[in-house]
>>> print(open('work-v9.txt').read())   # compact mmCIF, C-alpha atoms and all ligand atoms
# COMPACT_ATOMS: atom_id res chain seq x y z
CA MET Q 1 -3.67 -19.53 -7.47
CA THR Q 2 -6.73 -18.98 -9.59
CA ALA Q 3 -6.52 -18.45 -13.35
CA PRO Q 4 -6.94 -14.99 -14.90
CA GLY Q 5 -10.53 -13.83 -15.29
CA LYS Q 6 -12.23 -13.22 -18.62
CA LYS Q 7 -14.12 -10.11 -17.58
CA SER Q 8 -12.93 -6.87 -19.10
CA HIS Q 9 -12.12 -4.22 -16.51
CA THR Q 10 -10.01 -1.08 -16.72
CA ILE Q 11 -8.08 0.27 -13.77
CA LEU Q 12 -5.78 3.25 -13.36
CA VAL Q 13 -2.89 3.09 -10.88
CA THR Q 14 -0.89 6.14 -9.82
CA GLY Q 15 2.64 5.82 -8.43
CA ALA Q 16 3.11 2.77 -10.64
CA ALA Q 17 6.80 2.33 -9.81
CA GLY Q 18 6.00 2.07 -6.10
CA PHE Q 19 6.00 -0.88 -3.72
CA VAL Q 20 2.26 -1.62 -3.36
CA ALA Q 21 1.60 -0.68 -7.01
CA GLY Q 22 4.04 -3.38 -8.12
CA SER Q 23 1.89 -6.05 -6.49
CA VAL Q 24 -1.37 -4.65 -7.85
CA ILE Q 25 -0.04 -4.29 -11.39
CA THR Q 26 1.79 -7.60 -11.74
CA GLN Q 27 -1.11 -9.63 -10.34
CA ALA Q 28 -3.94 -7.98 -12.30
CA PRO Q 29 -5.66 -10.34 -14.75
CA ARG Q 30 -4.04 -10.06 -18.19
CA GLU Q 31 -7.51 -9.46 -19.68
CA TRP Q 32 -7.82 -6.19 -17.78
CA THR Q 33 -6.51 -2.90 -19.16
CA LEU Q 34 -4.14 -1.08 -16.80
CA HIS Q 35 -3.36 2.63 -17.13
CA LEU Q 36 -0.17 3.20 -15.16
CA ILE Q 37 0.99 6.65 -14.10
CA SER Q 38 4.60 7.12 -13.05
CA ARG Q 39 7.38 9.69 -13.17
CA ARG Q 40 9.73 6.83 -13.88
CA GLN Q 41 10.34 4.25 -16.54
CA ILE Q 42 8.54 1.01 -15.67
CA PRO Q 43 11.19 -1.71 -15.97
CA ARG Q 44 8.94 -4.30 -17.64
CA GLN Q 45 6.00 -4.10 -20.02
CA GLN Q 46 2.88 -6.15 -20.72
CA PRO Q 47 0.51 -5.82 -23.71
CA ASN Q 48 -2.36 -4.77 -21.41
CA TRP Q 49 -0.37 -1.99 -19.69
CA VAL Q 50 -0.70 1.58 -20.96
CA LEU Q 51 2.02 3.82 -19.52
CA HIS Q 52 1.51 7.52 -18.82
CA ARG Q 53 4.63 9.44 -17.83
CA ALA Q 54 3.38 12.03 -15.33
CA ASP Q 55 4.03 13.26 -11.84
CA SER Q 56 1.53 11.82 -9.37
CA ALA Q 57 2.03 14.97 -7.29
CA ASP Q 58 0.51 17.08 -10.08
CA PRO Q 59 -3.26 17.21 -9.50
CA ASP Q 60 -4.06 18.67 -12.93
CA ALA Q 61 -2.06 16.02 -14.78
CA ILE Q 62 -3.58 13.16 -12.79
CA GLY Q 63 -7.12 14.50 -13.12
CA ALA Q 64 -6.69 14.95 -16.88
CA ILE Q 65 -5.44 11.36 -17.37
CA ILE Q 66 -8.38 9.95 -15.40
CA LEU Q 67 -10.81 11.99 -17.51
CA GLN Q 68 -9.09 10.96 -20.73
CA THR Q 69 -8.90 7.22 -19.92
CA SER Q 70 -12.22 6.91 -17.99
CA PRO Q 71 -11.30 3.72 -16.10
CA ASP Q 72 -13.73 1.55 -14.16
CA ALA Q 73 -11.62 2.04 -11.04
CA VAL Q 74 -8.74 4.20 -9.81
CA ILE Q 75 -6.20 2.91 -7.28
CA PRO Q 76 -4.04 5.91 -6.33
CA THR Q 77 -1.11 4.28 -4.60
CA ALA Q 78 1.10 7.37 -5.06
CA ALA Q 79 1.87 9.03 -1.76
CA ILE Q 80 4.71 10.23 0.37
CA ALA Q 81 4.61 7.22 2.67
CA ASN Q 82 7.85 7.99 4.53
CA ILE Q 83 6.53 9.03 7.95
CA ASP Q 84 9.66 10.94 8.98
CA TYR Q 85 9.90 12.78 5.63
CA CYS Q 86 6.25 13.89 5.96
CA GLU Q 87 6.99 15.34 9.39
CA THR Q 88 9.83 17.52 8.09
CA HIS Q 89 8.29 18.36 4.66
CA GLN Q 90 4.73 19.10 5.66
CA ASP Q 91 3.68 21.32 2.73
CA GLU Q 92 4.97 18.81 0.19
CA ALA Q 93 3.30 15.93 2.06
CA PHE Q 94 -0.04 17.75 2.25
CA ARG Q 95 0.06 18.56 -1.48
CA MET Q 96 0.87 14.99 -2.45
CA ASN Q 97 -1.19 13.00 0.07
CA THR Q 98 -4.20 15.26 0.49
CA GLU Q 99 -4.60 17.84 -2.28
CA VAL Q 100 -4.00 15.40 -5.13
CA THR Q 101 -6.77 13.26 -3.61
CA ARG Q 102 -9.21 16.12 -4.20
CA ALA Q 103 -8.35 16.09 -7.94
CA VAL Q 104 -8.67 12.29 -8.06
CA VAL Q 105 -12.05 12.46 -6.32
CA ASP Q 106 -13.33 15.13 -8.75
CA ALA Q 107 -12.21 13.10 -11.79
CA CYS Q 108 -13.74 9.90 -10.38
CA VAL Q 109 -17.06 11.67 -9.83
CA ARG Q 110 -17.03 13.01 -13.40
CA THR Q 111 -16.17 9.65 -14.98
CA GLY Q 112 -18.08 7.40 -12.57
CA ALA Q 113 -14.90 5.51 -11.72
CA LYS Q 114 -14.73 3.69 -8.41
CA LEU Q 115 -11.99 5.00 -6.12
CA VAL Q 116 -9.96 2.51 -4.07
CA PHE Q 117 -7.95 4.81 -1.82
CA CYS Q 118 -4.86 3.61 0.06
CA SER Q 119 -5.05 4.99 3.57
CA THR Q 120 -3.11 3.84 6.62
CA ASP Q 121 -3.32 2.48 10.16
CA ASN Q 122 -1.47 5.71 11.13
CA VAL Q 123 -4.77 7.61 11.16
CA PHE Q 124 -5.18 6.20 14.71
CA ASP Q 125 -3.29 7.32 17.81
CA GLY Q 126 -2.41 3.74 18.81
CA ARG Q 127 -3.43 4.09 22.43
CA ARG Q 128 -5.89 1.19 22.29
CA GLY Q 129 -5.30 -1.17 19.33
CA TRP Q 130 -7.57 -3.59 17.46
CA TYR Q 131 -9.21 -0.67 15.69
CA ARG Q 132 -12.43 -1.23 13.76
CA GLU Q 133 -13.63 0.77 10.76
CA GLY Q 134 -16.03 2.83 12.90
CA ASP Q 135 -13.39 3.93 15.41
CA VAL Q 136 -12.51 7.62 15.43
CA PRO Q 137 -9.12 8.53 13.92
CA ASN Q 138 -6.76 10.75 15.88
CA PRO Q 139 -3.42 10.90 14.04
CA ILE Q 140 -0.30 11.76 16.04
CA ASN Q 141 2.10 12.21 13.12
CA TYR Q 142 1.81 14.43 10.04
CA TYR Q 143 1.64 11.48 7.63
CA GLY Q 144 -1.43 10.19 9.47
CA PHE Q 145 -2.88 13.70 9.44
CA THR Q 146 -2.52 14.00 5.63
CA LYS Q 147 -4.15 10.61 5.07
CA HIS Q 148 -7.00 11.34 7.46
CA ALA Q 149 -7.55 14.69 5.71
CA ALA Q 150 -7.75 12.80 2.39
CA GLU Q 151 -10.24 10.33 3.92
CA LYS Q 152 -12.44 13.28 4.91
CA ILE Q 153 -12.38 14.69 1.36
CA ILE Q 154 -13.49 11.29 0.02
CA ALA Q 155 -16.19 10.78 2.64
CA ALA Q 156 -17.62 14.25 2.00
CA GLU Q 157 -18.33 13.56 -1.69
CA PRO Q 158 -21.85 12.11 -1.98
CA HIS Q 159 -21.60 11.22 -5.69
CA LEU Q 160 -18.46 9.12 -5.35
CA LYS Q 161 -18.27 5.35 -5.14
CA ALA Q 162 -15.23 4.83 -2.98
CA VAL Q 163 -13.41 2.44 -0.71
CA ILE Q 164 -11.02 3.80 1.90
CA ALA Q 165 -8.63 0.92 2.52
CA ARG Q 166 -6.74 1.44 5.78
CA ILE Q 167 -3.57 -0.56 5.29
CA ALA Q 168 -1.34 -1.94 8.03
CA LEU Q 169 2.46 -2.21 7.86
CA VAL Q 170 3.25 -3.97 4.57
CA MET Q 171 5.76 -6.83 4.34
CA GLY Q 172 7.37 -7.64 1.03
CA MET Q 173 9.91 -7.00 -1.68
CA PRO Q 174 9.45 -4.73 -4.72
CA LEU Q 175 8.00 -6.69 -7.65
CA LEU Q 176 8.22 -4.00 -10.34
CA GLY Q 177 9.93 -0.73 -9.44
CA SER Q 178 12.81 0.10 -7.16
CA ALA Q 179 10.92 0.85 -3.94
CA ARG Q 180 12.72 0.30 -0.63
CA PRO Q 181 10.25 -1.25 1.82
CA PHE Q 182 11.53 -2.27 5.26
CA MET Q 183 12.30 -5.86 4.22
CA VAL Q 184 14.79 -4.59 1.61
CA ARG Q 185 16.60 -2.69 4.35
CA MET Q 186 16.42 -5.78 6.58
CA PHE Q 187 18.15 -7.89 3.91
CA GLU Q 188 20.79 -5.17 3.45
CA ASP Q 189 21.50 -5.22 7.21
CA LEU Q 190 21.63 -9.02 7.16
CA ALA Q 191 24.25 -8.91 4.42
CA THR Q 192 26.61 -7.06 6.79
CA ASN Q 193 28.12 -8.46 9.98
CA GLY Q 194 26.38 -5.85 12.10
CA PRO Q 195 23.05 -5.80 13.89
CA VAL Q 196 19.67 -5.63 12.18
CA TRP Q 197 17.89 -2.66 13.73
CA ALA Q 198 14.18 -2.53 14.52
CA PRO Q 199 12.16 -0.02 16.57
CA PRO Q 200 10.60 -1.44 19.77
CA GLY Q 201 7.18 -0.60 21.21
CA GLU Q 202 5.37 -0.48 17.87
CA VAL Q 203 2.67 -3.12 17.71
CA ARG Q 204 1.26 -3.78 14.25
CA THR Q 205 -0.83 -6.33 12.32
CA PRO Q 206 1.37 -6.66 9.20
CA VAL Q 207 -0.07 -7.63 5.84
CA ASP Q 208 1.96 -9.14 2.99
CA VAL Q 209 2.14 -7.13 -0.21
CA ILE Q 210 0.88 -10.05 -2.33
CA SER Q 211 -2.40 -10.46 -0.43
CA LEU Q 212 -2.74 -6.68 -0.16
CA GLY Q 213 -2.41 -6.27 -3.96
CA ARG Q 214 -5.05 -8.96 -4.47
CA ALA Q 215 -7.42 -7.34 -1.98
CA LEU Q 216 -7.08 -3.96 -3.72
CA LEU Q 217 -7.76 -5.59 -7.09
CA GLU Q 218 -10.82 -7.32 -5.65
CA LEU Q 219 -12.08 -4.07 -4.15
CA SER Q 220 -11.71 -2.37 -7.55
CA GLU Q 221 -14.59 -4.46 -8.88
CA HIS Q 222 -16.42 -5.17 -5.62
CA ASP Q 223 -19.77 -3.59 -4.79
CA TYR Q 224 -18.55 -2.55 -1.34
CA ALA Q 225 -18.13 1.17 -0.66
CA GLY Q 226 -16.86 2.60 2.63
CA ILE Q 227 -13.92 2.10 4.97
CA ILE Q 228 -12.21 -1.29 5.18
CA HIS Q 229 -9.19 -2.42 7.19
CA LEU Q 230 -6.59 -4.53 5.35
CA ALA Q 231 -4.18 -6.24 7.73
CA GLY Q 232 -3.01 -9.66 8.78
CA PRO Q 233 -4.29 -11.53 11.84
CA ASP Q 234 -0.99 -11.53 13.78
CA ARG Q 235 -0.52 -8.70 16.28
CA ILE Q 236 3.19 -8.26 16.85
CA ASP Q 237 5.85 -5.79 18.02
CA ARG Q 238 8.14 -4.69 15.16
CA VAL Q 239 11.23 -6.11 16.86
CA ASP Q 240 9.56 -9.52 17.14
CA LEU Q 241 8.32 -9.21 13.56
CA VAL Q 242 11.82 -8.61 12.19
CA ARG Q 243 13.15 -11.45 14.38
CA ALA Q 244 10.49 -13.77 12.94
CA LEU Q 245 11.33 -12.72 9.37
CA VAL Q 246 15.09 -13.10 9.92
CA HIS Q 247 14.46 -16.55 11.39
CA ARG Q 248 12.48 -17.53 8.28
CA THR Q 249 15.35 -16.46 6.03
CA GLY Q 250 17.59 -18.88 7.95
CA GLY Q 251 19.35 -16.00 9.74
CA ASN Q 252 20.02 -15.62 13.46
CA PRO Q 253 17.13 -13.68 15.12
CA ASP Q 254 19.52 -12.60 17.90
CA ARG Q 255 21.10 -10.21 15.40
CA VAL Q 256 17.91 -8.11 15.54
CA GLN Q 257 18.41 -5.30 18.07
CA PRO Q 258 15.94 -2.71 19.29
CA ILE Q 259 16.99 0.77 18.25
CA ASP Q 260 16.22 3.65 20.59
CA ALA Q 261 13.90 5.97 18.62
CA GLU Q 262 15.41 8.96 20.48
CA THR Q 263 18.73 8.32 18.73
CA ILE Q 264 17.21 8.60 15.24
CA PRO Q 265 17.33 12.24 14.05
CA ASN Q 266 14.01 13.77 12.94
CA ARG Q 267 12.02 10.66 13.75
CA ALA Q 268 8.30 11.40 13.82
CA LEU Q 269 6.10 10.02 16.58
CA ARG Q 270 4.81 6.49 16.03
CA PRO Q 271 1.53 5.30 17.55
CA PRO Q 272 2.24 2.40 19.95
CA ASP Q 273 -0.50 -0.09 19.01
CA LEU Q 274 -1.99 0.14 15.52
CA SER Q 275 -3.44 -3.36 15.35
CA LEU Q 276 -6.42 -3.41 12.98
CA ASP Q 277 -9.54 -5.51 13.31
CA THR Q 278 -10.22 -7.08 9.90
CA SER Q 279 -13.54 -8.84 10.59
CA LEU Q 280 -15.16 -6.84 7.78
CA ALA Q 281 -12.52 -7.73 5.17
CA ARG Q 282 -12.71 -11.38 6.15
CA LYS Q 283 -16.48 -11.28 5.78
CA ILE Q 284 -16.78 -9.55 2.39
CA LEU Q 285 -13.57 -10.36 0.49
CA ARG Q 286 -12.68 -13.63 -1.21
CA THR Q 287 -9.02 -12.71 -0.87
CA PRO Q 288 -7.52 -14.22 2.30
CA LEU Q 289 -5.35 -11.98 4.48
CA PRO Q 290 -2.87 -14.48 5.92
CA GLY Q 291 -0.58 -14.24 8.92
CA ILE Q 292 3.15 -13.55 8.96
CA SER Q 293 4.30 -17.07 8.15
CA GLU Q 294 2.10 -17.60 5.08
CA GLY Q 295 2.53 -13.95 4.04
CA PHE Q 296 6.32 -14.26 4.13
CA HIS Q 297 6.09 -17.40 2.00
CA LEU Q 298 3.93 -15.55 -0.57
CA VAL Q 299 6.25 -12.55 -0.86
CA MET Q 300 9.42 -14.63 -1.15
CA GLU Q 301 7.84 -16.93 -3.75
CA ALA Q 302 6.76 -13.92 -5.85
CA TRP Q 303 10.15 -12.26 -5.46
CA GLU Q 304 11.95 -15.41 -6.60
CA ARG Q 305 9.77 -15.48 -9.72
CA VAL Q 306 10.55 -11.83 -10.46
CA LYS Q 307 14.28 -12.42 -10.01
CA THR Q 308 14.14 -15.17 -12.65
CA GLY Q 309 12.33 -12.82 -15.06
CA ALA Q 310 8.85 -14.32 -14.58
CA GLU Q 311 5.78 -12.33 -13.54
CA PRO Q 312 3.88 -13.26 -10.37
CA GLU Q 313 0.80 -15.25 -11.30
CA ALA Q 314 -2.26 -13.23 -12.22
CA TYR Q 315 -5.02 -13.24 -9.65
CA LEU Q 316 -8.74 -13.57 -10.28
CA PRO Q 317 -10.27 -11.19 -7.77
CA CYS Q 318 -14.02 -11.74 -7.89
CA GLY Q 319 -14.43 -14.76 -10.15
CA SER Q 320 -15.81 -14.86 -13.67
N1 LIG N 1 4.21 0.53 2.55
C1 LIG N 1 3.48 0.46 3.66
O1 LIG N 1 3.87 -0.19 4.66
C2 LIG N 1 2.15 1.17 3.72
C3 LIG N 1 1.36 1.00 4.87
C4 LIG N 1 0.11 1.65 4.93
C5 LIG N 1 -0.33 2.41 3.88
N2 LIG N 1 0.46 2.57 2.78
C6 LIG N 1 -0.05 3.40 1.68
O2 LIG N 1 -0.07 2.60 0.51
C7 LIG N 1 0.25 3.41 -0.63
C8 LIG N 1 1.42 2.81 -1.36
O3 LIG N 1 2.56 2.80 -0.48
P1 LIG N 1 3.99 2.36 -1.02
O4 LIG N 1 4.75 1.85 0.14
O5 LIG N 1 3.83 1.54 -2.23
O6 LIG N 1 4.59 3.78 -1.43
P2 LIG N 1 6.00 4.11 -2.13
O7 LIG N 1 6.54 2.92 -2.81
O8 LIG N 1 6.87 4.78 -1.12
O9 LIG N 1 5.59 5.27 -3.15
C9 LIG N 1 4.58 5.09 -4.10
C10 LIG N 1 4.79 6.02 -5.25
O10 LIG N 1 4.35 7.34 -4.93
C11 LIG N 1 4.98 8.24 -5.83
N3 LIG N 1 5.64 9.31 -5.07
C12 LIG N 1 6.22 9.22 -3.86
N4 LIG N 1 6.73 10.41 -3.50
C13 LIG N 1 6.45 11.28 -4.51
C14 LIG N 1 6.71 12.66 -4.72
N5 LIG N 1 7.34 13.42 -3.82
N6 LIG N 1 6.29 13.20 -5.88
C15 LIG N 1 5.64 12.46 -6.81
N7 LIG N 1 5.36 11.13 -6.65
C16 LIG N 1 5.77 10.57 -5.51
C17 LIG N 1 6.03 7.47 -6.60
O11 LIG N 1 5.48 7.12 -7.85
P3 LIG N 1 6.33 7.07 -9.25
O12 LIG N 1 7.77 7.02 -8.87
O13 LIG N 1 5.86 5.82 -9.88
O14 LIG N 1 5.97 8.29 -9.97
C18 LIG N 1 6.21 6.23 -5.73
O15 LIG N 1 6.68 5.12 -6.43
C19 LIG N 1 0.50 4.81 -0.10
O16 LIG N 1 -0.69 5.56 -0.23
C20 LIG N 1 0.81 4.59 1.36
O17 LIG N 1 0.48 5.71 2.12
C21 LIG N 1 1.68 1.96 2.67
>>> encode(input="work-v9.txt", output="structure tokens", more="lines below")
Ligand SMILES: NC(=O)c1ccc[n+]([C@@H]2O[C@H](COP(=O)([O-])OP(=O)(O)OC[C@H]3O[C@@H](n4cnc5c(N)ncnc54)[C@H](OP(=O)(O)O)[C@@H]3O)[C@@H](O)[C@H]2O)c1
Amino acid sequence: MTAPGKKSHTILVTGAAGFVAGSVITQAPREWTLHLISRRQIPRQQPNWVLHRADSADPDAIGAIILQTSPDAVIPTAAIANIDYCETHQDEAFRMNTEVTRAVVDACVRTGAKLVFCSTDNVFDGRRGWYREGDVPNPINYYGFTKHAAEKIIAAEPHLKAVIARIALVMGMPLLGSARPFMVRMFEDLATNGPVWAPPGEVRTPVDVISLGRALLELSEHDYAGIIHLAGPDRIDRVDLVRALVHRTGGNPDRVQPIDAETIPNRALRPPDLSLDTSLARKILRTPLPGISEGFHLVMEAWERVKTGAEPEAYLPCGS
């Protein structure tokens, strides 16, 4: 991996104890200043991290911290990303995922900060697959609706420099906080004698959290503005994905069983094929977006480092 850059750059990350934030924060060059907003205590500390205890669901608090710190870029990772929870808690999800975005946009316009917004493949209905940036969203679950509504707020602001990063299903382990991405639950299932459950009929192009964090860092200082898809090149059903991951851990892939979505209470609709075309990202970003095999290697290597008390290596996004 490349050495840390020398360029000074200030970024602000909301939801700092979250899954994706952990990758962004721990890989940012040590020469950068990071303003981190979280409701929770961040378990580790670096000299270039400035912690702000605040609720990322509070638009006034978040807007005020952006105005006060005036960063070069804002990466608001905070969101209610649990698709089923969004479906059953729609007001809360709309406040967090959409209305807070309006406050972030306003503060970015006033400070001139670049916004790197974390959107989702769930803005599409999944009837076709291999979606490109210009394809028309048509969300079928409330989570996708809140994110698409946030995208529209961003796109409607002419004085904002912004990237809307539509992110595919993310593979990885938490590097900083105590998030519970699907791989954590997969390892928990593996530790029992029972089956490892995975939903069938959901085709995705998963991206590993290490490469995703690097791509978001790169976008924070990149000239590009507009929509960009961040995903891996492998198009795979979730059952086959979990089987492949279990196989790579040395486990028996036959333990992975499809779970009938109808049997899961309050499960929101999932689009069938959310594969993302990433030609644009591959053209403009230096950061590679590898497939499942290399991505799994990257996340396990970083997780092993974290477990031994070491930070993942810093990443030089755009070069010095
Ligand atoms: N994970 C994926 O597979 C995936 C895929 C596509 C897009 N995305 C998007 O990528 C971004 C990051 O996802 P993630 O998986 O890292 O999310 P996450 O770990 O589930 O949550 C991120 C953070 O959001 C804040 N948050 C969540 N619920 C909240 C609530 N009710 N009130 C206040 N704060 C709340 C928390 O921040 P603090 O606890 O630090 O305050 C939390 O750590 C999100 O915008 C998500 O929509 C994720």
>>> residues_around(input="work-v9.txt", residues="His159 of chain Q", least_positions_apart="5", cutoff="12 Å", atoms="all atoms listed in the file", output="list in words")
Val105, Asp106, Ala107, Cys108, Val109, Arg110, Thr111, Gly112, Ala113, Lys114, Leu115, Ile154 and Ala225 of chain Q
>>> atom_distance(input="work-v9.txt", atom1="atom C18 of ligand LIG 1 (chain N)", atom2="atom CA of Ile37 of chain Q")
9.9 Å
>>> axis_aligned_box(input="work-v9.txt", around="ligand LIG 1 (chain N)", padding_each_side="6 Å", output="JSON")
{"center_x": 3.5, "center_y": 6.6, "center_z": -2.5, "size_x": 20.5, "size_y": 25.6, "size_z": 26.9}
>>> closest_atom_pairs(input="work-v9.txt", of="segment 204-300 of chain Q", to="segment 87-100 of chain Q", cutoff="12 Å", atoms="only C-alpha atoms", output="tab-separated table")
residue	atom	partner	partner_atom	distance
Q:Pro265	CA	Q:Thr88	CA	10.9
Q:Asn266	CA	Q:Thr88	CA	7.4
Q:Arg267	CA	Q:Glu87	CA	8.1
Q:Ala268	CA	Q:Glu87	CA	6.1
Q:Leu269	CA	Q:Glu87	CA	9.0
Q:Arg270	CA	Q:Glu87	CA	11.3
>>> atom_distance(input="work-v9.txt", atom1="atom CA of Thr205 of chain Q", atom2="atom C6 of ligand LIG 1 (chain N)")
14.4 Å
>>> closest_residue(input="work-v9.txt", among="Q:Arg102, Q:Leu230, Q:Trp197, Q:Ala73", to="Lys283 of chain Q", atoms="all atoms listed in the file")
Q:Leu230
>>> residues_near_ligand(input="work-v9.txt", ligand="ligand LIG 1 (chain N)", cutoff="7 Å", atoms="all atoms listed in the file", output="number ranges by chain")
Q: 14-21, 37-40, 55-57, 76-82, 96, 118-121, 166-171, 179, 181
>>> closest_residue(input="work-v9.txt", among="Q:Thr308, Q:Ser23, Q:Thr249, Q:Gln45", to="Met183 of chain Q", atoms="only C-alpha atoms")
Q:Thr249
>>> residues_near_point(input="work-v9.txt", point="(-3.9, 4.2, -12.8)", cutoff="6 Å", atoms="all atoms listed in the file", output="ChimeraX atom specification")
/Q:11-14,35-37,74
>>> residues_near_point(input="work-v9.txt", point="(-9.2, 8.4, 1.9)", cutoff="8 Å", atoms="all atoms listed in the file", output="list in words")
Thr101, Phe117, Cys118, Ser119, Lys147, His148, Ala149, Ala150, Glu151, Lys152, Ile153, Ile154, Ala155, Val163, Ile164 and Ala165 of chain Q
>>> write_last_selection(input="work-v9.txt", atoms="C-alpha atoms", output="PDB file, in the coordinates of the input")
ATOM      1  CA  THR Q 101      -6.770  13.260  -3.610  1.00  0.00           C
ATOM      2  CA  PHE Q 117      -7.950   4.810  -1.820  1.00  0.00           C
ATOM      3  CA  CYS Q 118      -4.860   3.610   0.060  1.00  0.00           C
ATOM      4  CA  SER Q 119      -5.050   4.990   3.570  1.00  0.00           C
ATOM      5  CA  LYS Q 147      -4.150  10.610   5.070  1.00  0.00           C
ATOM      6  CA  HIS Q 148      -7.000  11.340   7.460  1.00  0.00           C
ATOM      7  CA  ALA Q 149      -7.550  14.690   5.710  1.00  0.00           C
ATOM      8  CA  ALA Q 150      -7.750  12.800   2.390  1.00  0.00           C
ATOM      9  CA  GLU Q 151     -10.240  10.330   3.920  1.00  0.00           C
ATOM     10  CA  LYS Q 152     -12.440  13.280   4.910  1.00  0.00           C
ATOM     11  CA  ILE Q 153     -12.380  14.690   1.360  1.00  0.00           C
ATOM     12  CA  ILE Q 154     -13.490  11.290   0.020  1.00  0.00           C
ATOM     13  CA  ALA Q 155     -16.190  10.780   2.640  1.00  0.00           C
ATOM     14  CA  VAL Q 163     -13.410   2.440  -0.710  1.00  0.00           C
ATOM     15  CA  ILE Q 164     -11.020   3.800   1.900  1.00  0.00           C
ATOM     16  CA  ALA Q 165      -8.630   0.920   2.520  1.00  0.00           C
TER      17      ALA Q 165
END
>>> closest_residue(input="work-v9.txt", among="Q:Arg132, Q:Arg214, Q:Arg255, Q:His297", to="Ala314 of chain Q", atoms="all atoms listed in the file")
Q:Arg214
>>> decode(input="work-v9.txt", residues="segment 233-286 of chain Q", atoms="C-alpha atoms", output="PDB file, in the first residue's frame")
ATOM      1  CA  PRO Q 233     -16.843  -6.502 -10.554  1.00  0.00           C
ATOM      2  CA  ASP Q 234     -18.374  -9.818  -9.421  1.00  0.00           C
ATOM      3  CA  ARG Q 235     -22.130 -10.182  -9.897  1.00  0.00           C
ATOM      4  CA  ILE Q 236     -23.357 -12.808  -7.473  1.00  0.00           C
ATOM      5  CA  ASP Q 237     -26.438 -14.085  -5.623  1.00  0.00           C
ATOM      6  CA  ARG Q 238     -26.178 -13.530  -1.841  1.00  0.00           C
ATOM      7  CA  VAL Q 239     -26.368 -17.250  -1.105  1.00  0.00           C
ATOM      8  CA  ASP Q 240     -23.420 -17.901  -3.427  1.00  0.00           C
ATOM      9  CA  LEU Q 241     -21.592 -14.918  -1.954  1.00  0.00           C
ATOM     10  CA  VAL Q 242     -21.884 -16.246   1.604  1.00  0.00           C
ATOM     11  CA  ARG Q 243     -20.885 -19.725   0.375  1.00  0.00           C
ATOM     12  CA  ALA Q 244     -17.787 -18.226  -1.256  1.00  0.00           C
ATOM     13  CA  LEU Q 245     -16.894 -16.307   1.914  1.00  0.00           C
ATOM     14  CA  VAL Q 246     -17.436 -19.350   4.153  1.00  0.00           C
ATOM     15  CA  HIS Q 247     -15.242 -21.390   1.806  1.00  0.00           C
ATOM     16  CA  ARG Q 248     -12.472 -18.780   2.100  1.00  0.00           C
ATOM     17  CA  THR Q 249     -12.603 -18.964   5.895  1.00  0.00           C
ATOM     18  CA  GLY Q 250     -11.943 -22.714   5.605  1.00  0.00           C
ATOM     19  CA  GLY Q 251     -15.557 -23.531   6.525  1.00  0.00           C
ATOM     20  CA  ASN Q 252     -17.957 -25.878   4.734  1.00  0.00           C
ATOM     21  CA  PRO Q 253     -20.018 -23.907   2.143  1.00  0.00           C
ATOM     22  CA  ASP Q 254     -22.760 -26.567   2.383  1.00  0.00           C
ATOM     23  CA  ARG Q 255     -23.663 -25.107   5.774  1.00  0.00           C
ATOM     24  CA  VAL Q 256     -25.006 -22.006   3.977  1.00  0.00           C
ATOM     25  CA  GLN Q 257     -28.761 -22.419   3.503  1.00  0.00           C
ATOM     26  CA  PRO Q 258     -31.199 -20.181   1.666  1.00  0.00           C
ATOM     27  CA  ILE Q 259     -33.711 -18.647   4.048  1.00  0.00           C
ATOM     28  CA  ASP Q 260     -37.234 -18.059   2.805  1.00  0.00           C
ATOM     29  CA  ALA Q 261     -37.768 -14.271   3.038  1.00  0.00           C
ATOM     30  CA  GLU Q 262     -41.479 -14.901   3.764  1.00  0.00           C
ATOM     31  CA  THR Q 263     -40.513 -16.496   7.091  1.00  0.00           C
ATOM     32  CA  ILE Q 264     -38.667 -13.384   8.305  1.00  0.00           C
ATOM     33  CA  PRO Q 265     -41.081 -11.066  10.159  1.00  0.00           C
ATOM     34  CA  ASN Q 266     -41.273  -7.458   8.913  1.00  0.00           C
ATOM     35  CA  ARG Q 267     -38.813  -8.043   6.105  1.00  0.00           C
ATOM     36  CA  ALA Q 268     -38.901  -5.203   3.586  1.00  0.00           C
ATOM     37  CA  LEU Q 269     -38.890  -5.903  -0.140  1.00  0.00           C
ATOM     38  CA  ARG Q 270     -35.460  -6.407  -1.690  1.00  0.00           C
ATOM     39  CA  PRO Q 271     -34.783  -5.592  -5.343  1.00  0.00           C
ATOM     40  CA  PRO Q 272     -33.752  -8.796  -7.175  1.00  0.00           C
ATOM     41  CA  ASP Q 273     -30.759  -7.603  -9.227  1.00  0.00           C
ATOM     42  CA  LEU Q 274     -28.872  -4.539  -8.010  1.00  0.00           C
ATOM     43  CA  SER Q 275     -25.650  -5.132  -9.910  1.00  0.00           C
ATOM     44  CA  LEU Q 276     -23.897  -1.807 -10.554  1.00  0.00           C
ATOM     45  CA  ASP Q 277     -21.850  -0.879 -13.590  1.00  0.00           C
ATOM     46  CA  THR Q 278     -18.629   0.736 -12.340  1.00  0.00           C
ATOM     47  CA  SER Q 279     -17.030   1.765 -15.645  1.00  0.00           C
ATOM     48  CA  LEU Q 280     -16.955   5.387 -14.468  1.00  0.00           C
ATOM     49  CA  ALA Q 281     -15.229   4.622 -11.145  1.00  0.00           C
ATOM     50  CA  ARG Q 282     -12.673   2.458 -12.922  1.00  0.00           C
ATOM     51  CA  LYS Q 283     -11.995   5.279 -15.362  1.00  0.00           C
ATOM     52  CA  ILE Q 284     -11.588   8.192 -12.941  1.00  0.00           C
ATOM     53  CA  LEU Q 285     -10.388   6.676  -9.644  1.00  0.00           C
ATOM     54  CA  ARG Q 286      -6.895   5.465  -8.830  1.00  0.00           C
TER      55      ARG Q 286
END
